[in-house]
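Text of input_13.cif, listed as mmCIF, C-alpha atoms and all ligand atoms:
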data_start
#
loop_
_atom_site.label_atom_id
_atom_site.label_comp_id
_atom_site.auth_asym_id
_atom_site.auth_seq_id
_atom_site.Cartn_x
_atom_site.Cartn_y
_atom_site.Cartn_z
CA MET A 10 -45.72 30.29 8.84
CA GLU A 11 -49.07 32.03 8.93
CA ILE A 12 -50.70 28.96 7.38
CA ILE A 13 -49.20 26.72 10.09
CA ASN A 14 -50.42 29.10 12.81
CA GLY A 15 -53.86 29.07 11.22
CA ILE A 16 -53.95 25.24 11.16
CA LEU A 17 -52.76 25.04 14.79
CA LEU A 18 -55.46 27.55 15.82
CA LEU A 19 -58.08 25.51 13.96
CA ILE A 20 -56.93 22.26 15.66
CA PHE A 21 -56.98 24.06 19.03
CA CYS A 22 -60.54 25.33 18.42
CA ILE A 23 -61.76 21.89 17.30
CA GLY A 24 -60.13 20.40 20.44
CA ILE A 25 -61.89 22.91 22.70
CA PHE A 26 -65.19 22.37 20.92
CA TRP A 27 -64.84 18.55 21.15
CA SER A 28 -63.96 18.64 24.86
CA PHE A 29 -66.88 20.94 25.52
CA TYR A 30 -69.21 18.62 23.61
CA ARG A 31 -67.92 15.52 25.50
CA LEU A 32 -68.25 17.34 28.83
CA ARG A 33 -71.85 18.32 28.11
CA ARG A 34 -72.67 14.78 27.03
CA ILE A 35 -71.07 13.30 30.15
CA SER A 36 -72.80 15.75 32.50
CA ARG A 37 -76.12 15.01 30.79
CA ILE A 38 -75.58 11.26 31.33
CA ILE A 39 -74.64 11.85 34.99
CA ALA A 40 -77.68 14.07 35.57
CA GLU A 41 -79.91 11.45 33.95
CA ALA A 42 -78.44 8.69 36.12
CA GLN A 43 -78.85 10.80 39.27
CA LYS A 44 -82.46 11.54 38.42
CA MET A 45 -83.14 7.83 37.88
CA GLU A 46 -81.41 6.96 41.18
CA SER A 47 -83.32 9.46 43.30
CA VAL A 48 -86.71 8.70 41.78
CA GLY A 49 -85.81 5.03 42.25
CA ARG A 50 -85.09 5.48 45.94
CA LEU A 51 -88.28 7.45 46.45
CA ALA A 52 -90.28 4.85 44.55
CA GLY A 53 -88.76 2.03 46.60
CA GLY A 54 -89.72 3.73 49.87
CA VAL A 55 -93.29 4.33 48.77
CA ALA A 56 -93.56 0.78 47.46
CA HIS A 57 -92.52 -0.62 50.83
CA ASP A 58 -95.25 1.17 52.81
CA PHE A 59 -97.80 0.55 50.14
CA ASN A 60 -97.03 -3.17 50.06
CA ASN A 61 -97.53 -3.41 53.81
CA MET A 62 -100.97 -1.87 53.49
CA LEU A 63 -101.82 -4.17 50.59
CA ALA A 64 -100.62 -7.18 52.54
CA GLY A 65 -103.13 -6.31 55.28
CA ILE A 66 -106.02 -5.98 52.79
CA CYS A 67 -105.00 -9.08 50.87
CA SER A 68 -104.60 -11.37 53.84
CA ALA A 69 -107.80 -10.12 55.51
CA ALA A 70 -109.67 -10.90 52.25
CA GLY A 71 -108.07 -14.36 52.18
CA TYR A 72 -109.13 -14.95 55.77
CA ILE A 73 -112.75 -13.92 55.05
CA LYS A 74 -112.80 -16.29 52.07
CA LEU A 75 -111.76 -19.20 54.25
CA HIS A 76 -114.80 -18.54 56.46
CA LEU A 77 -117.44 -18.08 53.77
CA ASP A 78 -119.96 -20.78 52.97
CA LYS A 79 -119.09 -22.54 49.73
CA ASP A 80 -122.01 -20.99 47.83
CA SER A 81 -122.03 -17.58 49.47
CA GLU A 82 -122.55 -14.66 47.08
CA LEU A 83 -119.82 -12.81 48.92
CA HIS A 84 -117.06 -14.93 47.26
CA ARG A 85 -117.40 -12.71 44.20
CA TYR A 86 -116.76 -9.57 46.20
CA VAL A 87 -113.86 -11.02 48.14
CA ASP A 88 -112.35 -12.06 44.80
CA ILE A 89 -112.72 -8.47 43.57
CA ILE A 90 -110.78 -7.28 46.64
CA SER A 91 -108.04 -9.87 46.04
CA ASP A 92 -107.84 -9.10 42.31
CA SER A 93 -107.59 -5.36 42.98
CA CYS A 94 -104.81 -6.05 45.48
CA THR A 95 -102.99 -8.13 42.88
CA ARG A 96 -103.26 -5.31 40.35
CA ALA A 97 -102.09 -2.76 42.91
CA SER A 98 -99.18 -4.98 43.86
CA HIS A 99 -98.29 -5.18 40.17
CA LEU A 100 -97.92 -1.42 40.27
CA THR A 101 -95.63 -1.56 43.30
CA ALA A 102 -93.68 -4.35 41.61
CA GLN A 103 -93.05 -1.93 38.74
CA LEU A 104 -91.79 0.68 41.20
CA LEU A 105 -89.49 -1.86 42.81
CA MET A 106 -88.19 -3.13 39.47
CA PHE A 107 -87.39 0.42 38.58
CA SER A 108 -85.66 1.11 41.89
CA ARG A 109 -83.61 -2.08 41.41
CA THR A 110 -84.43 -3.44 44.85
CA ALA A 111 -87.04 -6.03 44.04
CA SER A 112 -86.66 -8.90 46.38
CA ASP A 113 -86.46 -12.12 44.44
CA SER A 114 -83.07 -13.82 44.44
CA THR A 115 -80.51 -14.36 41.70
CA MET A 116 -80.90 -17.64 39.82
CA ARG A 117 -79.92 -19.15 36.53
CA ILE A 118 -82.82 -18.59 34.16
CA ASP A 119 -83.39 -20.66 31.06
CA VAL A 120 -84.71 -17.83 28.92
CA HIS A 121 -86.50 -20.21 26.54
CA ALA A 122 -88.36 -21.97 29.37
CA GLY A 123 -89.06 -18.60 31.01
CA LEU A 124 -90.42 -17.24 27.73
CA GLU A 125 -92.83 -20.12 27.38
CA GLU A 126 -94.26 -19.45 30.82
CA THR A 127 -94.44 -15.69 30.31
CA ILE A 128 -95.92 -15.83 26.82
CA TYR A 129 -98.65 -18.07 28.15
CA LEU A 130 -99.54 -15.28 30.62
CA LEU A 131 -99.12 -12.55 28.01
CA ARG A 132 -101.49 -14.26 25.56
CA HIS A 133 -104.23 -14.02 28.20
CA GLY A 134 -103.92 -10.24 28.14
CA LEU A 135 -104.12 -9.93 24.33
CA PRO A 136 -107.17 -9.45 22.11
CA PRO A 137 -107.78 -12.21 19.52
CA ASP A 138 -106.58 -10.00 16.63
CA ILE A 139 -103.02 -9.91 17.98
CA ASN A 140 -100.82 -12.89 17.12
CA VAL A 141 -97.73 -13.85 19.00
CA GLU A 142 -94.91 -15.51 17.03
CA VAL A 143 -91.90 -16.89 18.82
CA SER A 144 -88.61 -17.76 17.20
CA ALA A 145 -86.24 -19.09 19.87
CA LYS A 146 -82.95 -19.42 17.98
CA ALA A 147 -80.38 -18.83 20.72
CA GLN A 148 -78.06 -21.81 21.18
CA LYS A 149 -77.00 -20.51 24.58
CA HIS A 150 -79.99 -19.30 26.56
CA ILE A 151 -79.11 -19.40 30.24
CA VAL A 152 -78.64 -16.04 31.95
CA CYS A 153 -78.14 -15.11 35.60
CA GLY A 154 -80.90 -12.98 36.95
CA TYR A 155 -84.13 -12.46 38.76
CA PRO A 156 -87.01 -14.63 37.52
CA ASP A 157 -89.80 -12.22 38.50
CA ALA A 158 -87.94 -9.33 36.92
CA PHE A 159 -87.47 -11.33 33.73
CA HIS A 160 -91.23 -11.99 33.54
CA ASN A 161 -91.91 -8.35 34.15
CA LEU A 162 -89.57 -7.34 31.34
CA ILE A 163 -91.33 -9.46 28.71
CA ILE A 164 -94.81 -8.60 29.94
CA ASN A 165 -94.08 -4.84 29.86
CA LEU A 166 -92.67 -4.97 26.35
CA GLY A 167 -95.50 -7.25 25.18
CA LEU A 168 -98.20 -4.99 26.63
CA ASN A 169 -96.63 -1.88 25.10
CA SER A 170 -96.68 -3.68 21.75
CA ARG A 171 -100.32 -4.61 22.30
CA ASP A 172 -101.22 -0.98 23.04
CA SER A 173 -99.47 0.21 19.88
CA MET A 174 -101.71 -2.05 17.76
CA PRO A 175 -105.34 -1.14 18.56
CA GLN A 176 -106.29 -2.49 15.13
CA GLY A 177 -104.52 -5.79 15.77
CA GLY A 178 -101.22 -7.07 14.42
CA THR A 179 -98.31 -9.31 15.33
CA ILE A 180 -95.89 -9.45 18.22
CA ARG A 181 -92.69 -11.29 17.32
CA ILE A 182 -90.35 -12.50 20.01
CA LEU A 183 -86.95 -13.64 18.87
CA THR A 184 -83.88 -14.90 20.66
CA ASP A 185 -80.38 -15.48 19.35
CA ASN A 186 -76.79 -15.07 20.48
CA VAL A 187 -74.72 -12.06 19.51
CA THR A 188 -71.29 -10.73 20.37
CA LEU A 189 -71.19 -7.00 21.02
CA SER A 190 -68.07 -4.91 20.73
CA ARG A 191 -67.27 -1.82 22.80
CA SER A 192 -68.18 0.48 19.91
CA GLU A 193 -71.53 -1.27 19.33
CA ILE A 194 -72.37 -0.98 23.04
CA LYS A 195 -71.58 2.75 22.94
CA ARG A 196 -74.61 3.22 20.69
CA MET A 197 -76.93 1.43 23.14
CA VAL A 198 -79.06 2.90 25.92
CA LEU A 199 -77.00 1.43 28.80
CA PRO A 200 -73.28 0.79 29.27
CA ALA A 201 -72.27 -2.89 29.48
CA SER A 202 -69.13 -5.00 29.15
CA PRO A 203 -68.45 -6.26 25.63
CA GLY A 204 -68.85 -9.99 25.04
CA GLU A 205 -71.42 -12.62 24.13
CA PHE A 206 -75.04 -11.89 24.91
CA LEU A 207 -78.44 -13.46 24.76
CA HIS A 208 -80.31 -11.17 22.38
CA LEU A 209 -84.04 -10.94 22.97
CA CYS A 210 -86.08 -8.90 20.54
CA VAL A 211 -89.73 -7.98 21.03
CA SER A 212 -91.15 -6.52 17.79
CA ASP A 213 -94.55 -5.25 16.85
CA THR A 214 -96.34 -4.04 13.76
CA GLY A 215 -97.77 -1.05 15.62
CA SER A 216 -97.70 2.69 15.15
CA GLY A 217 -94.06 3.18 16.21
CA ILE A 218 -92.65 5.70 18.66
CA PRO A 219 -92.58 9.30 17.37
CA LYS A 220 -89.06 10.79 17.24
CA GLU A 221 -89.97 13.71 19.52
CA ILE A 222 -90.78 11.41 22.47
CA LEU A 223 -87.98 8.84 22.03
CA SER A 224 -85.74 10.64 24.54
CA LYS A 225 -88.50 10.60 27.18
CA ILE A 226 -89.82 7.04 27.09
CA PHE A 227 -87.59 5.84 29.94
CA ASP A 228 -88.59 8.75 32.18
CA PRO A 229 -90.66 7.57 35.12
CA PHE A 230 -94.35 8.46 34.69
CA PHE A 231 -93.95 9.49 31.04
CA THR A 232 -96.93 8.15 29.14
CA THR A 233 -98.89 9.03 26.02
CA LYS A 234 -101.84 6.97 27.19
CA ALA A 235 -105.09 8.41 28.49
CA GLU A 236 -105.44 8.97 32.22
CA GLY A 237 -106.05 5.71 34.02
CA GLU A 238 -104.70 3.66 31.10
CA GLY A 239 -100.97 3.97 31.61
CA THR A 240 -98.74 4.80 34.55
CA GLY A 241 -95.58 5.46 32.54
CA LEU A 242 -93.68 2.98 34.70
CA GLY A 243 -93.39 0.13 32.20
CA LEU A 244 -90.26 1.21 30.36
CA PRO A 245 -88.52 2.64 33.45
CA ALA A 246 -89.06 -0.82 34.95
CA VAL A 247 -87.62 -2.42 31.80
CA TYR A 248 -84.61 -0.07 32.03
CA GLY A 249 -84.10 -0.95 35.72
CA ILE A 250 -84.39 -4.68 35.02
CA VAL A 251 -81.91 -4.68 32.13
CA LYS A 252 -79.51 -2.64 34.24
CA ARG A 253 -79.83 -5.08 37.15
CA HIS A 254 -78.93 -7.88 34.74
CA ASN A 255 -75.86 -5.94 33.55
CA GLY A 256 -77.35 -5.90 30.09
CA THR A 257 -78.14 -3.20 27.61
CA LEU A 258 -80.85 -2.31 25.11
CA LYS A 259 -81.63 -0.58 21.85
CA ILE A 260 -84.81 0.58 20.12
CA GLU A 261 -85.54 0.64 16.41
CA THR A 262 -88.80 2.26 15.50
CA SER A 263 -90.67 3.47 12.43
CA PRO A 264 -94.35 4.09 11.59
CA ALA A 265 -94.45 0.38 10.60
CA GLY A 266 -93.56 -0.86 14.07
CA THR A 267 -91.05 -1.03 16.89
CA ASP A 268 -88.23 -3.47 17.67
CA PHE A 269 -87.08 -3.55 21.27
CA HIS A 270 -83.70 -5.25 21.50
CA VAL A 271 -82.57 -6.45 24.91
CA TYR A 272 -79.07 -7.90 25.41
CA LEU A 273 -78.40 -9.95 28.56
CA PRO A 274 -74.99 -11.39 29.48
CA LEU A 275 -74.91 -15.21 29.40
CA ALA A 276 -74.47 -17.12 32.65
CA PRO A 277 -70.87 -18.28 33.18
CA ALA A 278 -70.53 -21.98 32.35
CA ASP A 279 -69.39 -22.75 35.92
CA SER A 280 -72.19 -20.79 37.65
CA LYS A 281 -73.41 -22.58 40.80
CA LEU A 282 -76.61 -20.55 41.10
CA PRO A 283 -79.79 -22.62 41.35
CA LEU A 284 -81.75 -23.06 38.13
CA TYR A 285 -85.16 -21.39 38.10
CA HIS A 286 -88.07 -23.77 37.49
CA ALA A 287 -91.43 -22.57 36.25
CA ARG A 288 -93.97 -21.99 38.97
CA THR A 289 -95.96 -24.93 40.26
CA SER A 290 -99.46 -24.40 41.51
CA CYS A 291 -100.03 -23.90 45.22
CA ARG A 292 -101.43 -26.57 47.44
CA LEU A 293 -103.24 -25.86 50.67
CA PRO A 294 -101.96 -27.86 53.64
CA GLY A 295 -104.23 -30.36 55.39
CA SER A 296 -102.96 -29.22 58.75
CA LEU A 297 -100.09 -27.24 60.20
CA ASN A 298 -99.63 -28.85 63.56
CA TYR A 299 -96.58 -26.77 64.43
CA ARG A 300 -95.47 -23.98 66.73
CA ILE A 301 -94.73 -20.80 64.79
CA LEU A 302 -93.25 -17.48 65.91
CA ILE A 303 -94.34 -14.51 63.76
CA VAL A 304 -92.43 -11.25 63.97
CA ASP A 305 -93.88 -8.21 62.22
CA ASP A 306 -94.23 -4.57 63.26
CA GLU A 307 -97.56 -4.27 61.42
CA PRO A 308 -100.29 -5.23 63.92
CA VAL A 309 -102.87 -5.92 61.17
CA LEU A 310 -100.57 -8.40 59.44
CA LEU A 311 -99.72 -10.14 62.70
CA GLU A 312 -103.37 -10.52 63.58
CA VAL A 313 -104.51 -11.89 60.22
CA LEU A 314 -101.55 -14.22 59.72
CA LYS A 315 -101.97 -15.58 63.25
CA ALA A 316 -105.68 -16.22 62.63
CA VAL A 317 -105.01 -17.99 59.33
CA LEU A 318 -102.24 -20.21 60.67
CA GLU A 319 -104.30 -21.08 63.75
CA GLU A 320 -107.11 -22.03 61.44
CA TYR A 321 -104.79 -24.75 60.09
CA GLY A 322 -103.94 -26.00 63.56
CA ALA A 323 -100.72 -24.06 64.24
CA ASP A 324 -99.84 -22.80 67.70
CA VAL A 325 -98.85 -19.19 66.98
CA VAL A 326 -96.83 -16.79 69.11
CA CYS A 327 -96.51 -13.17 67.95
CA ALA A 328 -93.94 -10.45 68.52
CA ASP A 329 -94.22 -6.94 67.10
CA ASN A 330 -90.48 -6.20 67.26
CA GLY A 331 -87.15 -7.99 66.94
CA SER A 332 -86.07 -7.69 70.61
CA GLU A 333 -89.30 -9.20 71.90
CA ALA A 334 -89.02 -11.99 69.33
CA LEU A 335 -85.51 -12.85 70.48
CA GLU A 336 -86.56 -12.87 74.16
CA ILE A 337 -89.41 -15.26 73.36
CA TYR A 338 -87.21 -17.48 71.19
CA GLN A 339 -84.25 -17.60 73.59
CA ASP A 340 -86.59 -18.83 76.36
CA SER A 341 -87.39 -22.07 74.53
CA PRO A 342 -85.81 -22.32 71.06
CA GLU A 343 -86.56 -26.02 70.66
CA SER A 344 -90.31 -25.42 71.08
CA PHE A 345 -90.55 -23.51 67.76
CA ASP A 346 -90.76 -25.25 64.38
CA LEU A 347 -90.73 -22.09 62.27
CA ILE A 348 -90.04 -18.37 62.53
CA MET A 349 -91.68 -15.89 60.15
CA LEU A 350 -89.66 -12.69 60.06
CA ASP A 351 -90.53 -9.30 58.65
CA VAL A 352 -87.31 -7.97 57.09
CA ILE A 353 -87.67 -4.23 57.64
CA MET A 354 -88.33 -3.29 61.27
CA LYS A 355 -86.78 -0.90 63.79
CA ALA A 356 -83.49 -2.37 65.04
CA PRO A 357 -82.97 -5.21 65.40
CA ASP A 358 -84.42 -5.77 61.94
CA GLY A 359 -85.26 -9.16 60.40
CA ILE A 360 -81.72 -9.82 59.18
CA ALA A 361 -80.20 -9.03 62.61
CA VAL A 362 -82.78 -11.26 64.33
CA TYR A 363 -81.98 -14.02 61.83
CA HIS A 364 -78.26 -13.91 62.67
CA VAL A 365 -78.96 -14.23 66.41
CA LEU A 366 -81.41 -17.08 65.73
CA ARG A 367 -78.85 -18.88 63.59
CA GLY A 368 -76.34 -18.59 66.47
CA ILE A 369 -78.83 -20.39 68.74
CA SER A 370 -80.35 -22.91 66.26
CA PRO A 371 -78.32 -23.48 63.08
CA CYS A 372 -81.22 -25.35 61.42
CA ALA A 373 -84.27 -23.34 62.51
CA LYS A 374 -86.68 -22.81 59.63
CA VAL A 375 -87.17 -19.18 58.68
CA VAL A 376 -89.58 -17.44 56.32
CA PHE A 377 -88.53 -13.87 55.50
CA MET A 378 -91.39 -11.56 54.56
CA SER A 379 -90.96 -8.17 52.95
CA GLY A 380 -92.36 -5.74 50.44
CA TYR A 381 -88.96 -4.14 49.91
CA ASN A 382 -85.40 -5.04 50.67
CA GLU A 383 -81.80 -4.46 49.72
CA ASP A 384 -81.43 -7.75 47.97
CA THR A 385 -77.71 -8.35 48.34
CA VAL A 386 -77.68 -9.33 52.03
CA LEU A 387 -80.91 -11.29 51.88
CA ASN A 388 -79.94 -12.91 48.59
CA ASP A 389 -76.75 -14.19 50.18
CA ILE A 390 -78.70 -15.71 53.05
CA LEU A 391 -81.31 -17.26 50.76
CA GLN A 392 -78.67 -18.74 48.49
CA ASN A 393 -76.66 -20.28 51.28
CA ASP A 394 -79.32 -21.37 53.73
CA ASN A 395 -81.62 -24.23 52.73
CA ASN A 396 -83.80 -23.58 55.74
CA ALA A 397 -84.65 -20.01 54.80
CA VAL A 398 -87.21 -18.92 52.21
CA PHE A 399 -88.66 -15.61 51.13
CA ILE A 400 -92.18 -14.44 50.49
CA SER A 401 -92.89 -11.00 49.12
CA LYS A 402 -95.59 -8.76 50.52
CA PRO A 403 -98.40 -8.49 49.73
CA TYR A 404 -98.78 -12.23 49.89
CA GLN A 405 -101.86 -14.20 48.98
CA ILE A 406 -102.95 -16.51 51.81
CA PRO A 407 -102.72 -19.73 49.68
CA ASP A 408 -99.15 -18.78 48.68
CA ILE A 409 -98.01 -18.27 52.24
CA LEU A 410 -99.69 -21.50 53.40
CA ASP A 411 -98.00 -23.33 50.54
CA LYS A 412 -94.57 -21.91 51.35
CA VAL A 413 -94.88 -22.58 55.08
CA SER A 414 -96.06 -26.16 54.61
CA ARG A 415 -93.34 -26.94 52.04
CA LEU A 416 -90.63 -25.60 54.35
CA LEU A 417 -92.03 -27.44 57.35
CA GLY A 418 -92.29 -30.64 55.30
CA LYS A 419 -88.59 -30.43 54.39
CA ASN A 420 -86.12 -32.37 56.53
N1 LIG B 501 -93.98 -0.70 21.33
C1 LIG B 501 -94.33 0.59 21.41
N2 LIG B 501 -94.92 1.20 20.35
C2 LIG B 501 -95.27 2.51 20.40
N3 LIG B 501 -95.09 3.30 21.49
C3 LIG B 501 -94.51 2.75 22.56
C4 LIG B 501 -94.09 1.38 22.59
N4 LIG B 501 -93.54 1.13 23.79
C5 LIG B 501 -93.60 2.28 24.49
N5 LIG B 501 -94.18 3.26 23.76
C6 LIG B 501 -94.40 4.66 24.19
O1 LIG B 501 -93.66 4.89 25.37
C7 LIG B 501 -94.53 5.37 26.41
C8 LIG B 501 -94.01 4.91 27.76
O2 LIG B 501 -94.14 3.49 27.88
P1 LIG B 501 -94.25 2.85 29.32
O3 LIG B 501 -94.36 1.38 29.14
O4 LIG B 501 -93.17 3.38 30.18
O5 LIG B 501 -95.59 3.46 29.93
P2 LIG B 501 -97.09 3.17 29.44
O6 LIG B 501 -97.15 1.96 28.58
O7 LIG B 501 -97.63 4.44 28.89
O8 LIG B 501 -97.82 2.87 30.83
P3 LIG B 501 -97.68 1.51 31.69
O9 LIG B 501 -96.67 0.64 31.05
O10 LIG B 501 -97.24 1.97 33.03
O11 LIG B 501 -99.06 0.95 31.69
C9 LIG B 501 -95.91 4.86 26.04
O12 LIG B 501 -96.93 5.66 26.60
C10 LIG B 501 -95.85 4.95 24.51
O13 LIG B 501 -96.11 6.26 24.07
MG MG B 502 -96.18 0.17 29.20
#
Rewrite the coordinates I just gave you, this time as structure tokens.
Ligand SMILES: Nc1ncnc2c1ncn2[C@@H]1O[C@H](COP(=O)(O)OP(=O)(O)OP(=O)(O)O)[C@@H](O)[C@H]1O
Ligand SMILES: [Mg+2]
Amino acid sequence: MEIINGILLLIFCIGIFWSFYRLRRISRIIAEAQKMESVGRLAGGVAHDFNNMLAGICSAAGYIKLHLDKDSELHRYVDIISDSCTRASHLTAQLLMFSRTASDSTMRIDVHAGLEETIYLLRHGLPPDINVEVSAKAQKHIVCGYPDAFHNLIINLGLNSRDSMPQGGTIRILTDNVTLSRSEIKRMVLPASPGEFLHLCVSDTGSGIPKEILSKIFDPFFTTKAEGEGTGLGLPAVYGIVKRHNGTLKIETSPAGTDFHVYLPLAPADSKLPLYHARTSCRLPGSLNYRILIVDDEPVLLEVLKAVLEEYGADVVCADNGSEALEIYQDSPESFDLIMLDVIMKAPDGIAVYHVLRGISPCAKVVFMSGYNEDTVLNDILQNDNNAVFISKPYQIPDILDKVSRLLGKN
């Protein structure tokens, strides 16, 4: 009898210990998730304001460039301003990726085609003593996702690999298809639904990640790089991107190198999402003989965009808030060929203005502009409305001219 009591007591103690262990693990996961969420929200807010400022600098630089003599020495300096803006906007893109509110829309991405495009860019950032080997073995390689985020994912992993190999080495990028079970997913960094995945592995022959920092590498702003060399936002962005794609990831590392395994769910065979095509180069329009209404609560952006579009022959009317824009538009809707709408403004915001506009003119052409947005509502609009496009702030002047002229040229 005493033995049975002893066994029961032992089972009871193990049970208590196990529950306590599970509880601690669960509360740690929840705390981690909450930390990621709140830093994400903060980051998203900062990114929005920062992008607006960058958009002002970027478009003013673009405007100056249009006015410079062909052989003016000042081109070099204007290019420096534009390049710095591009780098700064890369930083805000990282913040947005991490906060899971980056503003491109969901598409079907052919991972193999996307890799080709991204590796081309990545190679430009690598010293000659680093080789890139690609082995694209996946039979099924279409996933649903965000093209810009996908690029960002590969570039971040590739650049981390580069930095781990100051003496040179090899980056290997592999794709194949794998089926993951519930128990395999439990050992990964993020929860996901079991099933068939596109497996993307970025490996390097670098120094590896020391065990003591492995638990910190996804923390925002955690970096082992010297000041000015790393922001510590690369892997948090990767984490945010994989999460947005409902995927998961795993790291294998040793002093001989690191393998970063990313698993993304495959696109359903009957997906109707548009297929992403690699970027085509911009073309500047000959003339934009159209009437355009621009709505933005940033006076600097209104002024520069107006000047640029007028330069190309457009007749531009500006409004610095949604109500004024609607008053102007309702007066003579047929006189406008295009409306350029900032998304985030005091009420009525860009989305609300869009819905009123659509009630008046079901086919009016609309360009949404934003440095930050909750993508679900806008994504829905962009997916269902052929006459609406999106441009992210900060925009480069040639990009915005290209987008506007393509939309205006569409019947
Ligand atoms: N492939 C890798 N090999 C070795 N260490 C790595 C690798 N990838 C990441 N790390 C470690 O994880 C840290 C965090 O990486 P993360 O990409 O978030 O920031 P970072 O590279 O330091 O800065 P940023 O990406 O913002 O320029 C790095 O500083 C590095 O110590
Ligand atoms: Mg990095």
List the spatial neighbours of Ile226 in chain A as a PyMOL selection string - criterion: any atom at most 12 Å away, only C-alpha atoms, same-chain residues fewer than 2 positions off excluded.
chain A and resi 169+198+218-224+228-233+240-248+260
Closest to Glu336 in chain A among A:Leu366, A:Tyr86, A:Val143, A:Ser192, using only C-alpha atoms?
A:Leu366
Please report, as JSON, the centre and edge lengths in Å to one decimal of an axis-aligned box covering all listed atoms of ligand LIG 501 (chain B) with 5 Å per side.
{"center_x": -96.1, "center_y": 2.8, "center_z": 26.7, "size_x": 15.9, "size_y": 17.0, "size_z": 22.7}
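Distance check against ligand LIG 501 (chain B) using all atoms listed in the file: of A:Arg117, A:Arg85, A:Arg181, A:Lys79, the minimum falls on A:Arg181.
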Neighbours of Pro357 in chain A within 9 Å (only C-alpha atoms; same-chain residues fewer than 2 positions away dropped), as a CSV table (one decimal) with C-alpha atoms, in the coordinates of the input?
chain,number,residue,atom,x,y,z
A,330,ASN,CA,-90.5,-6.2,67.3
A,331,GLY,CA,-87.2,-8.0,66.9
A,332,SER,CA,-86.1,-7.7,70.6
A,354,MET,CA,-88.3,-3.3,61.3
A,355,LYS,CA,-86.8,-0.9,63.8
A,359,GLY,CA,-85.3,-9.2,60.4
A,360,ILE,CA,-81.7,-9.8,59.2
A,361,ALA,CA,-80.2,-9.0,62.6
A,362,VAL,CA,-82.8,-11.3,64.3
Find the spatial neighbours of Gly178 in chain A, counting all atoms listed in the file, within a cut-off of 7 Å - ignore same-chain residues fewer than 3 positions away - and output them as a PDB file with C-alpha atoms, keeping the file's coordinate frame.
ATOM      1  CA  ASP A 138    -106.580 -10.000  16.630  1.00  0.00           C
ATOM      2  CA  ILE A 139    -103.020  -9.910  17.980  1.00  0.00           C
ATOM      3  CA  ASN A 140    -100.820 -12.890  17.120  1.00  0.00           C
ATOM      4  CA  MET A 174    -101.710  -2.050  17.760  1.00  0.00           C
ATOM      5  CA  THR A 214     -96.340  -4.040  13.760  1.00  0.00           C
TER       6      THR A 214
END
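Interatomic distance, CA of Val271 in chain A to CA of His208 in chain A: 5.8 Å.
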Mind giving me the straight-line distance from CA of Ile250 in chain A to CA of Cys67 in chain A in Å, one decimal?
26.4 Å
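Straight-line separation from CA of Cys210 in chain A to atom O12 of ligand LIG 501 (chain B): 19.1 Å.
Distance check against ligand MG 502 (chain B) using all atoms listed in the file: of A:Ile128, A:Leu100, A:Val375, A:Leu189, the minimum falls on A:Leu100.
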Using only C-alpha atoms, determine which residues lie at most 9 Å from range 309-314 of chain A, disregarding the query and same-chain residues fewer than 5 positions distant; provide the list as JSON, numbers by chain.
{"A": [61, 62, 64, 65, 66, 68, 69, 72, 303, 304, 319, 327, 328, 329, 406]}
Could you take the residues named above and write them with C-alpha atoms, as a CSV table (one decimal), in the frame of the given file?
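Output file selection.csv follows:
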chain,number,residue,atom,x,y,z
A,61,ASN,CA,-97.5,-3.4,53.8
A,62,MET,CA,-101.0,-1.9,53.5
A,64,ALA,CA,-100.6,-7.2,52.5
A,65,GLY,CA,-103.1,-6.3,55.3
A,66,ILE,CA,-106.0,-6.0,52.8
A,68,SER,CA,-104.6,-11.4,53.8
A,69,ALA,CA,-107.8,-10.1,55.5
A,72,TYR,CA,-109.1,-15.0,55.8
A,303,ILE,CA,-94.3,-14.5,63.8
A,304,VAL,CA,-92.4,-11.2,64.0
A,319,GLU,CA,-104.3,-21.1,63.8
A,327,CYS,CA,-96.5,-13.2,68.0
A,328,ALA,CA,-93.9,-10.4,68.5
A,329,ASP,CA,-94.2,-6.9,67.1
A,406,ILE,CA,-103.0,-16.5,51.8
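In this comparison, which uses only C-alpha atoms, the residue of A:Ile90, A:Cys153, A:Ile164, A:Leu416 approaching Glu125 in chain A most closely is A:Ile164.
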Select, counting only C-alpha atoms, all protein, DNA and RNA residues no farther than 9 Å from (-99.8, -0.7, 45.7) in file coordinates, and express the selection as a JSON list (two decimals) with C-alpha atoms, keeping the file's coordinate frame.
[["chain", "number", "residue", "atom", "x", "y", "z"],
["A", 55, "VAL", "CA", -93.29, 4.33, 48.77],
["A", 56, "ALA", "CA", -93.56, 0.78, 47.46],
["A", 57, "HIS", "CA", -92.52, -0.62, 50.83],
["A", 58, "ASP", "CA", -95.25, 1.17, 52.81],
["A", 59, "PHE", "CA", -97.80, 0.55, 50.14],
["A", 60, "ASN", "CA", -97.03, -3.17, 50.06],
["A", 61, "ASN", "CA", -97.53, -3.41, 53.81],
["A", 62, "MET", "CA", -100.97, -1.87, 53.49],
["A", 63, "LEU", "CA", -101.82, -4.17, 50.59],
["A", 94, "CYS", "CA", -104.81, -6.05, 45.48],
["A", 95, "THR", "CA", -102.99, -8.13, 42.88],
["A", 96, "ARG", "CA", -103.26, -5.31, 40.35],
["A", 97, "ALA", "CA", -102.09, -2.76, 42.91],
["A", 98, "SER", "CA", -99.18, -4.98, 43.86],
["A", 99, "HIS", "CA", -98.29, -5.18, 40.17],
["A", 100, "LEU", "CA", -97.92, -1.42, 40.27],
["A", 101, "THR", "CA", -95.63, -1.56, 43.30],
["A", 102, "ALA", "CA", -93.68, -4.35, 41.61],
["A", 403, "PRO", "CA", -98.40, -8.49, 49.73]]
